[in-house]
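Peer 1: Mind looking over this structure? Questions follow.
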Amino acid sequence: MRSALRLATYLKPYRKWALLAPLLMLLEVAMDLTQPRLIQRIVDEGIAQGDMNLVLRTGLLMLGLAAIGALGGMSNGVAAEQVVQGAGADLREALFRKVQSLSFGNLDHLGTGPLVTRLTNDVTQTQEATMMMLRMAARSPFLMAGSLIMAILTSPQLTYLPLVLILVEVIVVMLVVRRATPLFTQMQTRLDALNEVMQENLAGVRLVKAFARADHEQERFGGANERLAWQAITAMRTSASMFPFMMITVNLGVVGVLWFGGVEVTRGTMQVGQIIAFVNYLLTTLFSLMMVSQLVIQFARAGASANRIAEVLDSEPWVQDRPDALRELTPRGRVAFEDVTFGYDGNGSEAVLRGISFVAEPGETVALLGTTGAGKSSLVHLIPRFYDVTEGRVTLDGVDVRDVSQETLRRHIGVALQEAVLFSGTIRDNIRYGRPEATDDEVVAAAKAAQAHDFIMGFPEGYDTILGQRGVNLSGGQKQRLAIARALLVKPAVLILDDSTSAVDVETEGKIQEALEEQMKHCTSLVIAQRVSTVLSADKILILDDGRIAAEGTHETLLKASPIYREICESQLGNGVNGHEQ
């Protein structure tokens, strides 16, 4: 309920339309409610007395009132659509803004598949419920109440029949809704799982084909799809069981009216036209109640979606700016880790980094080596505050990074990750993604430093070449070079290269390193690499092992002092290790 009220705030900008829609529907309902009484008039006064003029006048009046009702109904649809589409667009935008504000930890917790479901299917469910509320919820209760009142006025003797039938139907609706609501919640969860499988396969379709695992992935998708289908069938079957029972109730009501009404007609206390009008009002009342029950089912389903949407909107970023955070900073680039411990769950019991302490002076290049899972990426992610430390602190020019606003901090940090993420658009726009105001000359200079200029100019459109989704028309090495160019264009005080040349050949990597040496003189660089050749000239090399710094020093000192580093070098460089040492 609280989630529904929370989402109702998105209707405020459209409140005029939201108020107008029920009024227009009320006009249609009023016109509909007059029809059975006019039919009664035709039967009891026109046909019974042979007054065809009365029959004609009343028939024309019925047509006129029906036209007015139709106009009200159509206008209601227009007003409701204004509200639904406007509020839905605002809600999707609010969700997207919230997702953009969340930290890496929040996104890890929520998951990509569930977020996609909430931005699409869950919002659609709330839109459908809002549409039903402005149309059916405005029509059905008014029509049900009006029909019941008109039935009582038409034949007080038979009033007990609709009252008893309504009570029975309300009990059934309550039982079905109580059972169906958790089923719809589970159905949305199964949809999350389906979207996760689909998202993984679309992102990794080349890998699937490379390993000929299409059959396996089809089985995974088929399993998730089947579980969703069965969950949907269970939920829909539960809600659908209500309607046959209600139809039985409606038919019993009609039989009851004809039976007991017929007795009254033979006694002379009722007329045939009254029976016809009463049956019409009874049917309208019960069918309106059926529509209300359908509304309740839809609201139950939308309620599950509203709770999931509210979970995202109510999420607080795990990494937040302090109230007095610095908004202005011109760092030289001194990075220091002071006894840092970090765990993704926010406590030290499952820490992936323990007791990390080192200093990277301005202009220095610090390389990080270690086995997979040693904590290299986790370490560099703490500098731009993708995550916050659990214990200790990370400083930039002596200032705790938690004392600097995230926007200010990240404006001075360039990041190029192993998995280069590109967006659809031109190559030029992708390079200056972090600095849209950069000139064309600056874009070209950054591309040349990243050894990307030559292959870019190989395209007919050059820097205006349109990239497909995620840069699909580029090789892995080309993507990485564009990512490096994008990081360099920011002119950062701190440059983070997280295995960003893994897809580049050794010769090109050497050229990139030579070109970057001039660029790196003006910033502090932290380089994660798998190749020893990448870090030979680093000012400092850190060897990470099981979340701790196992060794620290230059290439020469580590060869003498660190068995781990020596083993890495020998495995990659062979006899070249000693040669380089000399």
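By order of appearance in the structure tokens: chains A, B, ..., then residues from 1 within every chain, and ligands from 1 in the order shown.
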At a cut-off of 8 Å, using only C-alpha atoms, what residues contact Thr185 (chain A)? Leave out same-chain residues fewer than 5 positions from it and give the result as a list in words.
Peer 2: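 Neighbouring residues, sequence-local ones excluded: Arg301, Ala304 and Ser305 of chain A.
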Peer 1: Deliver the residues from the most recent selection as a file, using N, CA and C atoms, as a PDB file, in the first residue's frame.
Peer 2:
ATOM      1  N   ARG A 301      -1.500  -7.513  -8.838  1.00  0.00           N
ATOM      2  CA  ARG A 301      -0.314  -7.720  -9.669  1.00  0.00           C
ATOM      3  C   ARG A 301       0.526  -6.442  -9.737  1.00  0.00           C
ATOM      4  N   ALA A 304       2.572  -5.838  -6.608  1.00  0.00           N
ATOM      5  CA  ALA A 304       3.855  -6.538  -6.558  1.00  0.00           C
ATOM      6  C   ALA A 304       4.910  -5.763  -7.341  1.00  0.00           C
ATOM      7  N   SER A 305       4.514  -5.236  -8.510  1.00  0.00           N
ATOM      8  CA  SER A 305       5.450  -4.449  -9.314  1.00  0.00           C
ATOM      9  C   SER A 305       5.800  -3.143  -8.617  1.00  0.00           C
TER      10      SER A 305
END
Peer 1: Run DSSP on the backbone and tell me which residues of region 201-428 of chain A come out as strand (DSSP E or B); list them as a ChimeraX atom specification.
Peer 2: /A:326,335-342,353-360,365-370,391-396,399-400,404,413-416,425-426
Peer 1: Just want the 12 Å neighbourhood of region 233-244 of chain A, counted on only C-alpha atoms, with same-chain residues fewer than 5 positions away dropped. Output as a short mmCIF file (atom, residue, chain, number, x, y, z; two decimals) with all heavy atoms, in the first residue's frame.
Peer 2:
data_model
loop_
_atom_site.label_atom_id
_atom_site.label_comp_id
_atom_site.auth_asym_id
_atom_site.auth_seq_id
_atom_site.Cartn_x
_atom_site.Cartn_y
_atom_site.Cartn_z
N VAL A 168 -21.79 -12.79 -1.44
CA VAL A 168 -21.11 -14.04 -1.81
C VAL A 168 -19.92 -13.75 -2.72
O VAL A 168 -18.82 -14.29 -2.54
CB VAL A 168 -22.10 -15.00 -2.51
CG1 VAL A 168 -21.37 -16.21 -3.07
CG2 VAL A 168 -23.18 -15.44 -1.52
N GLU A 169 -20.11 -12.88 -3.71
CA GLU A 169 -19.04 -12.59 -4.66
C GLU A 169 -17.88 -11.87 -3.98
O GLU A 169 -16.71 -12.11 -4.31
CB GLU A 169 -19.59 -11.77 -5.83
CG GLU A 169 -20.50 -12.57 -6.74
CD GLU A 169 -20.71 -11.90 -8.09
OE1 GLU A 169 -20.24 -10.74 -8.26
OE2 GLU A 169 -21.31 -12.52 -8.98
N VAL A 170 -18.16 -10.97 -3.06
CA VAL A 170 -17.10 -10.25 -2.35
C VAL A 170 -16.23 -11.22 -1.57
O VAL A 170 -14.99 -11.11 -1.55
CB VAL A 170 -17.68 -9.17 -1.42
CG1 VAL A 170 -16.63 -8.65 -0.43
CG2 VAL A 170 -18.24 -8.01 -2.22
N ILE A 171 -16.83 -12.20 -0.92
CA ILE A 171 -16.07 -13.20 -0.16
C ILE A 171 -15.14 -13.98 -1.08
O ILE A 171 -13.97 -14.22 -0.78
CB ILE A 171 -17.03 -14.14 0.60
CG1 ILE A 171 -17.78 -13.37 1.70
CG2 ILE A 171 -16.26 -15.32 1.21
CD1 ILE A 171 -18.86 -14.17 2.39
N VAL A 172 -15.66 -14.38 -2.25
CA VAL A 172 -14.86 -15.14 -3.22
C VAL A 172 -13.67 -14.29 -3.71
O VAL A 172 -12.53 -14.76 -3.79
CB VAL A 172 -15.73 -15.59 -4.40
CG1 VAL A 172 -14.85 -16.22 -5.49
CG2 VAL A 172 -16.78 -16.59 -3.94
N VAL A 173 -13.94 -13.02 -4.02
CA VAL A 173 -12.88 -12.13 -4.50
C VAL A 173 -11.77 -12.00 -3.47
O VAL A 173 -10.58 -12.07 -3.79
CB VAL A 173 -13.46 -10.75 -4.86
CG1 VAL A 173 -12.32 -9.75 -5.11
CG2 VAL A 173 -14.34 -10.84 -6.09
N MET A 174 -12.13 -11.82 -2.22
CA MET A 174 -11.14 -11.66 -1.16
C MET A 174 -10.26 -12.90 -1.03
O MET A 174 -9.04 -12.81 -0.87
CB MET A 174 -11.84 -11.36 0.17
CG MET A 174 -12.50 -9.99 0.22
SD MET A 174 -13.43 -9.73 1.75
CE MET A 174 -12.12 -9.80 2.96
N LEU A 175 -10.88 -14.08 -1.12
CA LEU A 175 -10.12 -15.33 -1.02
C LEU A 175 -9.15 -15.50 -2.18
O LEU A 175 -7.99 -15.89 -2.00
CB LEU A 175 -11.08 -16.53 -0.95
CG LEU A 175 -11.93 -16.63 0.33
CD1 LEU A 175 -12.94 -17.78 0.19
CD2 LEU A 175 -11.04 -16.85 1.54
N VAL A 176 -9.62 -15.18 -3.40
CA VAL A 176 -8.78 -15.34 -4.59
C VAL A 176 -7.62 -14.35 -4.57
O VAL A 176 -6.48 -14.71 -4.87
CB VAL A 176 -9.62 -15.17 -5.87
CG1 VAL A 176 -8.72 -15.12 -7.10
CG2 VAL A 176 -10.62 -16.30 -6.00
N VAL A 177 -7.89 -13.09 -4.22
CA VAL A 177 -6.84 -12.07 -4.19
C VAL A 177 -5.77 -12.43 -3.17
O VAL A 177 -4.56 -12.26 -3.42
CB VAL A 177 -7.44 -10.68 -3.89
CG1 VAL A 177 -6.34 -9.67 -3.59
CG2 VAL A 177 -8.28 -10.22 -5.06
N ARG A 178 -6.21 -12.93 -2.02
CA ARG A 178 -5.25 -13.31 -0.98
C ARG A 178 -4.32 -14.41 -1.47
O ARG A 178 -3.13 -14.43 -1.15
CB ARG A 178 -6.01 -13.77 0.26
CG ARG A 178 -5.12 -14.11 1.44
CD ARG A 178 -5.96 -14.49 2.63
NE ARG A 178 -5.11 -14.81 3.77
CZ ARG A 178 -5.58 -15.21 4.95
NH1 ARG A 178 -6.88 -15.30 5.14
NH2 ARG A 178 -4.74 -15.51 5.92
N ARG A 179 -4.83 -15.29 -2.29
CA ARG A 179 -4.02 -16.39 -2.83
C ARG A 179 -3.17 -15.94 -4.02
O ARG A 179 -2.03 -16.36 -4.19
CB ARG A 179 -4.96 -17.53 -3.25
CG ARG A 179 -4.33 -18.62 -4.10
CD ARG A 179 -3.31 -19.41 -3.36
NE ARG A 179 -2.76 -20.49 -4.18
CZ ARG A 179 -1.56 -21.01 -4.03
NH1 ARG A 179 -0.77 -20.54 -3.08
NH2 ARG A 179 -1.14 -21.98 -4.79
N ALA A 180 -3.70 -15.03 -4.85
CA ALA A 180 -3.04 -14.68 -6.11
C ALA A 180 -1.90 -13.68 -5.94
O ALA A 180 -0.92 -13.72 -6.69
CB ALA A 180 -4.06 -14.11 -7.09
N THR A 181 -1.98 -12.79 -4.95
CA THR A 181 -0.98 -11.72 -4.81
C THR A 181 0.44 -12.25 -4.71
O THR A 181 1.33 -11.81 -5.45
CB THR A 181 -1.31 -10.82 -3.60
OG1 THR A 181 -2.60 -10.23 -3.81
CG2 THR A 181 -0.26 -9.73 -3.44
N PRO A 182 0.76 -13.20 -3.80
CA PRO A 182 2.13 -13.71 -3.75
C PRO A 182 2.54 -14.45 -5.02
O PRO A 182 3.72 -14.48 -5.37
CB PRO A 182 2.12 -14.66 -2.54
CG PRO A 182 0.70 -15.00 -2.31
CD PRO A 182 -0.08 -13.82 -2.75
N LEU A 183 1.57 -15.02 -5.73
CA LEU A 183 1.90 -15.72 -6.97
C LEU A 183 2.38 -14.74 -8.04
O LEU A 183 3.30 -15.03 -8.81
CB LEU A 183 0.68 -16.50 -7.48
CG LEU A 183 0.21 -17.65 -6.60
CD1 LEU A 183 -1.06 -18.28 -7.17
CD2 LEU A 183 1.30 -18.71 -6.45
N PHE A 184 1.77 -13.56 -8.09
CA PHE A 184 2.20 -12.55 -9.05
C PHE A 184 3.59 -12.01 -8.69
O PHE A 184 4.39 -11.69 -9.57
CB PHE A 184 1.18 -11.41 -9.12
CG PHE A 184 -0.06 -11.76 -9.89
CD1 PHE A 184 -1.31 -11.72 -9.30
CD2 PHE A 184 0.02 -12.15 -11.22
CE1 PHE A 184 -2.45 -12.04 -10.01
CE2 PHE A 184 -1.11 -12.49 -11.94
CZ PHE A 184 -2.36 -12.43 -11.33
N THR A 185 3.87 -11.89 -7.40
CA THR A 185 5.20 -11.46 -6.97
C THR A 185 6.25 -12.46 -7.43
O THR A 185 7.31 -12.09 -7.94
CB THR A 185 5.26 -11.32 -5.44
OG1 THR A 185 4.27 -10.36 -5.02
CG2 THR A 185 6.63 -10.85 -4.98
N GLN A 186 5.96 -13.75 -7.25
CA GLN A 186 6.89 -14.80 -7.70
C GLN A 186 7.04 -14.79 -9.22
O GLN A 186 8.11 -15.08 -9.74
CB GLN A 186 6.38 -16.16 -7.23
CG GLN A 186 6.40 -16.34 -5.71
CD GLN A 186 5.67 -17.60 -5.27
OE1 GLN A 186 5.51 -18.53 -6.05
NE2 GLN A 186 5.22 -17.62 -4.03
N MET A 187 5.96 -14.43 -9.92
CA MET A 187 6.02 -14.39 -11.38
C MET A 187 7.01 -13.32 -11.85
O MET A 187 7.78 -13.53 -12.80
CB MET A 187 4.64 -14.12 -11.95
CG MET A 187 4.56 -14.30 -13.47
SD MET A 187 2.86 -14.25 -14.07
CE MET A 187 2.60 -12.49 -14.09
N GLN A 188 7.01 -12.15 -11.19
CA GLN A 188 7.96 -11.09 -11.55
C GLN A 188 9.39 -11.53 -11.24
O GLN A 188 10.32 -11.19 -11.98
CB GLN A 188 7.62 -9.81 -10.79
CG GLN A 188 6.28 -9.19 -11.18
CD GLN A 188 6.18 -8.89 -12.67
OE1 GLN A 188 5.46 -9.56 -13.40
NE2 GLN A 188 6.92 -7.90 -13.14
N GLU A 226 10.30 -21.87 -19.06
CA GLU A 226 9.27 -22.81 -18.60
C GLU A 226 8.84 -22.50 -17.17
O GLU A 226 7.65 -22.56 -16.85
CB GLU A 226 9.81 -24.24 -18.71
CG GLU A 226 8.77 -25.31 -18.40
CD GLU A 226 9.29 -26.71 -18.62
OE1 GLU A 226 10.33 -26.86 -19.29
OE2 GLU A 226 8.65 -27.65 -18.11
N ARG A 227 9.83 -22.16 -16.32
CA ARG A 227 9.47 -21.82 -14.93
C ARG A 227 8.59 -20.58 -14.88
O ARG A 227 7.64 -20.50 -14.10
CB ARG A 227 10.74 -21.62 -14.11
CG ARG A 227 11.47 -22.93 -13.78
CD ARG A 227 12.60 -22.71 -12.81
NE ARG A 227 13.71 -21.99 -13.40
CZ ARG A 227 14.70 -22.57 -14.07
NH1 ARG A 227 14.71 -23.89 -14.24
NH2 ARG A 227 15.69 -21.84 -14.57
N LEU A 228 8.91 -19.58 -15.74
CA LEU A 228 8.08 -18.38 -15.80
C LEU A 228 6.68 -18.72 -16.30
O LEU A 228 5.68 -18.25 -15.75
CB LEU A 228 8.73 -17.34 -16.72
CG LEU A 228 7.88 -16.11 -17.05
CD1 LEU A 228 7.55 -15.33 -15.78
CD2 LEU A 228 8.59 -15.22 -18.06
N THR A 249 -23.11 -17.46 -10.22
CA THR A 249 -23.86 -16.57 -9.31
C THR A 249 -24.79 -15.67 -10.11
O THR A 249 -25.95 -15.44 -9.73
CB THR A 249 -22.88 -15.72 -8.49
OG1 THR A 249 -21.95 -16.59 -7.83
CG2 THR A 249 -23.62 -14.90 -7.45
N VAL A 250 -24.29 -15.11 -11.23
CA VAL A 250 -25.11 -14.23 -12.06
C VAL A 250 -26.32 -14.98 -12.61
O VAL A 250 -27.46 -14.50 -12.55
CB VAL A 250 -24.26 -13.66 -13.22
CG1 VAL A 250 -25.15 -12.96 -14.26
CG2 VAL A 250 -23.22 -12.68 -12.69
N ASN A 251 -26.08 -16.19 -13.14
CA ASN A 251 -27.19 -16.96 -13.71
C ASN A 251 -28.21 -17.36 -12.65
O ASN A 251 -29.42 -17.34 -12.90
CB ASN A 251 -26.65 -18.20 -14.41
CG ASN A 251 -25.87 -17.84 -15.67
OD1 ASN A 251 -26.19 -16.89 -16.36
ND2 ASN A 251 -24.82 -18.61 -15.97
N LEU A 286 -23.99 -7.15 -11.02
CA LEU A 286 -23.10 -8.29 -10.83
C LEU A 286 -21.91 -8.27 -11.80
O LEU A 286 -20.79 -8.61 -11.42
CB LEU A 286 -23.90 -9.59 -10.98
CG LEU A 286 -24.99 -9.80 -9.91
CD1 LEU A 286 -25.73 -11.11 -10.15
CD2 LEU A 286 -24.40 -9.78 -8.52
N PHE A 287 -22.18 -7.86 -13.04
CA PHE A 287 -21.05 -7.76 -13.99
C PHE A 287 -20.09 -6.65 -13.59
O PHE A 287 -18.88 -6.76 -13.79
CB PHE A 287 -21.57 -7.55 -15.42
CG PHE A 287 -21.98 -8.82 -16.10
CD1 PHE A 287 -23.29 -9.03 -16.50
CD2 PHE A 287 -21.04 -9.82 -16.34
CE1 PHE A 287 -23.67 -10.21 -17.12
CE2 PHE A 287 -21.41 -11.01 -16.97
CZ PHE A 287 -22.72 -11.21 -17.36
N LEU A 289 -19.50 -5.86 -10.55
CA LEU A 289 -18.72 -6.44 -9.46
C LEU A 289 -17.62 -7.35 -10.00
O LEU A 289 -16.50 -7.40 -9.48
CB LEU A 289 -19.64 -7.22 -8.52
CG LEU A 289 -18.96 -7.84 -7.29
CD1 LEU A 289 -18.26 -6.78 -6.45
CD2 LEU A 289 -19.98 -8.60 -6.45
N MET A 290 -17.93 -8.06 -11.11
CA MET A 290 -16.90 -8.89 -11.73
C MET A 290 -15.75 -8.02 -12.25
O MET A 290 -14.58 -8.37 -12.12
CB MET A 290 -17.51 -9.70 -12.90
CG MET A 290 -18.43 -10.82 -12.45
SD MET A 290 -19.15 -11.72 -13.84
CE MET A 290 -17.68 -12.44 -14.56
N MET A 291 -16.11 -6.87 -12.82
CA MET A 291 -15.07 -5.96 -13.30
C MET A 291 -14.25 -5.41 -12.13
O MET A 291 -13.03 -5.25 -12.22
CB MET A 291 -15.71 -4.81 -14.08
CG MET A 291 -16.36 -5.21 -15.39
SD MET A 291 -15.20 -6.00 -16.56
CE MET A 291 -15.62 -7.74 -16.32
N VAL A 292 -14.92 -5.14 -11.02
CA VAL A 292 -14.20 -4.68 -9.82
C VAL A 292 -13.24 -5.76 -9.35
O VAL A 292 -12.10 -5.48 -8.95
CB VAL A 292 -15.19 -4.30 -8.71
CG1 VAL A 292 -14.46 -4.06 -7.39
CG2 VAL A 292 -15.97 -3.05 -9.10
N SER A 293 -13.69 -7.02 -9.39
CA SER A 293 -12.82 -8.12 -8.97
C SER A 293 -11.60 -8.23 -9.89
O SER A 293 -10.49 -8.50 -9.45
CB SER A 293 -13.59 -9.44 -8.94
OG SER A 293 -13.97 -9.81 -10.25
N GLN A 294 -11.82 -8.01 -11.20
CA GLN A 294 -10.71 -8.02 -12.14
C GLN A 294 -9.74 -6.87 -11.83
O GLN A 294 -8.52 -7.01 -11.93
CB GLN A 294 -11.24 -7.90 -13.57
CG GLN A 294 -10.15 -8.04 -14.64
CD GLN A 294 -10.72 -7.98 -16.04
OE1 GLN A 294 -11.93 -8.06 -16.24
NE2 GLN A 294 -9.85 -7.84 -17.02
N LEU A 295 -10.33 -5.74 -11.46
CA LEU A 295 -9.51 -4.61 -11.04
C LEU A 295 -8.65 -4.97 -9.85
O LEU A 295 -7.46 -4.64 -9.80
CB LEU A 295 -10.41 -3.42 -10.66
CG LEU A 295 -10.80 -2.43 -11.75
CD1 LEU A 295 -11.81 -1.45 -11.20
CD2 LEU A 295 -9.58 -1.70 -12.25
N VAL A 296 -9.25 -5.63 -8.87
CA VAL A 296 -8.52 -6.00 -7.67
C VAL A 296 -7.37 -6.93 -8.00
O VAL A 296 -6.26 -6.79 -7.47
CB VAL A 296 -9.48 -6.65 -6.63
CG1 VAL A 296 -8.69 -7.18 -5.44
CG2 VAL A 296 -10.52 -5.65 -6.17
N ILE A 297 -7.61 -7.89 -8.92
CA ILE A 297 -6.54 -8.80 -9.34
C ILE A 297 -5.41 -8.02 -10.01
O ILE A 297 -4.23 -8.23 -9.74
CB ILE A 297 -7.10 -9.87 -10.30
CG1 ILE A 297 -8.04 -10.82 -9.56
CG2 ILE A 297 -5.96 -10.65 -10.94
CD1 ILE A 297 -7.36 -11.69 -8.53
N GLN A 298 -5.79 -7.09 -10.91
CA GLN A 298 -4.78 -6.28 -11.59
C GLN A 298 -4.01 -5.42 -10.61
O GLN A 298 -2.79 -5.26 -10.71
CB GLN A 298 -5.44 -5.41 -12.66
CG GLN A 298 -4.46 -4.54 -13.44
CD GLN A 298 -3.43 -5.35 -14.22
OE1 GLN A 298 -3.77 -6.38 -14.80
NE2 GLN A 298 -2.19 -4.90 -14.24
N ALA A 300 -3.52 -6.16 -7.50
CA ALA A 300 -2.64 -7.05 -6.75
C ALA A 300 -1.34 -7.30 -7.52
O ALA A 300 -0.25 -7.28 -6.96
CB ALA A 300 -3.35 -8.38 -6.47
N ARG A 301 -1.50 -7.51 -8.84
CA ARG A 301 -0.31 -7.72 -9.67
C ARG A 301 0.53 -6.44 -9.74
O ARG A 301 1.76 -6.48 -9.64
CB ARG A 301 -0.74 -8.15 -11.07
CG ARG A 301 0.42 -8.52 -11.96
CD ARG A 301 -0.08 -9.08 -13.29
NE ARG A 301 1.03 -9.51 -14.13
CZ ARG A 301 0.90 -10.03 -15.34
NH1 ARG A 301 -0.32 -10.19 -15.85
NH2 ARG A 301 1.96 -10.38 -16.03
#
Peer 1: Mind listing the helix (DSSP H, G or I) residues of region 487-538 of chain A, per DSSP on the backbone, as a VMD selection string?
Peer 2: chain A and resid 487 to 489 506 to 520 532 to 534
Peer 1: Could you write those residues out with N, CA and C atoms, as a short mmCIF file (atom, residue, chain, number, x, y, z; two decimals), in the first residue's frame?
Peer 2:
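Output file again36.cif follows:
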data_model
loop_
_atom_site.label_atom_id
_atom_site.label_comp_id
_atom_site.auth_asym_id
_atom_site.auth_seq_id
_atom_site.Cartn_x
_atom_site.Cartn_y
_atom_site.Cartn_z
N ALA A 487 40.26 7.87 -21.64
CA ALA A 487 40.81 8.15 -20.32
C ALA A 487 41.86 9.26 -20.37
N LEU A 488 42.68 9.28 -21.42
CA LEU A 488 43.72 10.29 -21.55
C LEU A 488 43.14 11.67 -21.81
N LEU A 489 42.04 11.72 -22.54
CA LEU A 489 41.46 13.01 -22.91
C LEU A 489 40.98 13.80 -21.70
N VAL A 506 51.76 -7.38 -28.77
CA VAL A 506 52.94 -6.91 -28.03
C VAL A 506 53.56 -5.70 -28.71
N GLU A 507 53.63 -5.70 -30.04
CA GLU A 507 54.25 -4.58 -30.75
C GLU A 507 53.46 -3.30 -30.54
N THR A 508 52.14 -3.40 -30.69
CA THR A 508 51.29 -2.22 -30.50
C THR A 508 51.33 -1.76 -29.05
N GLU A 509 51.38 -2.73 -28.12
CA GLU A 509 51.46 -2.38 -26.70
C GLU A 509 52.74 -1.59 -26.42
N GLY A 510 53.84 -2.00 -27.05
CA GLY A 510 55.10 -1.26 -26.87
C GLY A 510 54.98 0.17 -27.37
N LYS A 511 54.31 0.36 -28.50
CA LYS A 511 54.12 1.71 -29.03
C LYS A 511 53.23 2.54 -28.11
N ILE A 512 52.20 1.88 -27.56
CA ILE A 512 51.32 2.59 -26.63
C ILE A 512 52.11 3.03 -25.41
N GLN A 513 52.95 2.14 -24.88
CA GLN A 513 53.75 2.48 -23.70
C GLN A 513 54.69 3.65 -23.98
N GLU A 514 55.30 3.64 -25.16
CA GLU A 514 56.20 4.74 -25.50
C GLU A 514 55.44 6.06 -25.59
N ALA A 515 54.26 6.01 -26.21
CA ALA A 515 53.47 7.22 -26.35
C ALA A 515 52.92 7.70 -25.01
N LEU A 516 52.63 6.75 -24.13
CA LEU A 516 52.06 7.11 -22.83
C LEU A 516 53.10 7.66 -21.87
N GLU A 517 54.37 7.37 -22.10
CA GLU A 517 55.40 7.85 -21.18
C GLU A 517 55.36 9.37 -21.05
N GLU A 518 55.16 10.05 -22.17
CA GLU A 518 55.07 11.51 -22.13
C GLU A 518 53.81 11.95 -21.41
N GLN A 519 52.69 11.22 -21.68
CA GLN A 519 51.42 11.56 -21.03
C GLN A 519 51.48 11.31 -19.53
N MET A 520 52.16 10.20 -19.13
CA MET A 520 52.18 9.80 -17.72
C MET A 520 53.08 10.68 -16.87
N VAL A 532 54.49 -9.14 -17.81
CA VAL A 532 55.60 -8.51 -17.11
C VAL A 532 56.22 -7.41 -17.96
N SER A 533 56.23 -7.62 -19.28
CA SER A 533 56.84 -6.63 -20.17
C SER A 533 56.15 -5.28 -20.08
N THR A 534 54.90 -5.27 -19.65
CA THR A 534 54.15 -4.03 -19.53
C THR A 534 54.66 -3.17 -18.39
#
Peer 1: Would you pick out the contacts of region 419-421 of chain A at 7 Å or less, using only C-alpha atoms, so that residues sharing its chain but fewer than 3 positions from it are not included, and give the list as a PyMOL selection string?
Peer 2: chain A and resi 470+479-480+483
Peer 1: Could you turn the residues from that selection into a file that holds N, CA, C and O atoms, as a PDB file, in the first residue's frame?
Peer 2:
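Written output follows (out_9.pdb):
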ATOM      1  N   ARG A 470      27.861  -1.382 -28.331  1.00  0.00           N
ATOM      2  CA  ARG A 470      29.036  -1.863 -27.622  1.00  0.00           C
ATOM      3  C   ARG A 470      30.264  -1.973 -28.548  1.00  0.00           C
ATOM      4  O   ARG A 470      31.175  -2.746 -28.295  1.00  0.00           O
ATOM      5  N   LYS A 479      38.895  -1.531 -29.480  1.00  0.00           N
ATOM      6  CA  LYS A 479      38.055  -1.007 -28.406  1.00  0.00           C
ATOM      7  C   LYS A 479      38.912  -0.532 -27.231  1.00  0.00           C
ATOM      8  O   LYS A 479      38.669   0.535 -26.658  1.00  0.00           O
ATOM      9  N   GLN A 480      39.902  -1.335 -26.870  1.00  0.00           N
ATOM     10  CA  GLN A 480      40.735  -0.975 -25.724  1.00  0.00           C
ATOM     11  C   GLN A 480      41.518   0.306 -25.997  1.00  0.00           C
ATOM     12  O   GLN A 480      41.680   1.143 -25.107  1.00  0.00           O
ATOM     13  N   ALA A 483      39.281   3.169 -25.487  1.00  0.00           N
ATOM     14  CA  ALA A 483      39.051   3.375 -24.054  1.00  0.00           C
ATOM     15  C   ALA A 483      40.229   4.109 -23.411  1.00  0.00           C
ATOM     16  O   ALA A 483      40.052   4.978 -22.548  1.00  0.00           O
TER      17      ALA A 483
END
Peer 1: List as a ChimeraX atom specification the protein and nucleic acid residues near Leu5 (chain A), meaning an atom at most 12 Å away when only C-alpha atoms are counted, but skip any in the same chain fewer than 5 places from it.
Peer 2: /A:10-12,126,303,306-307,310
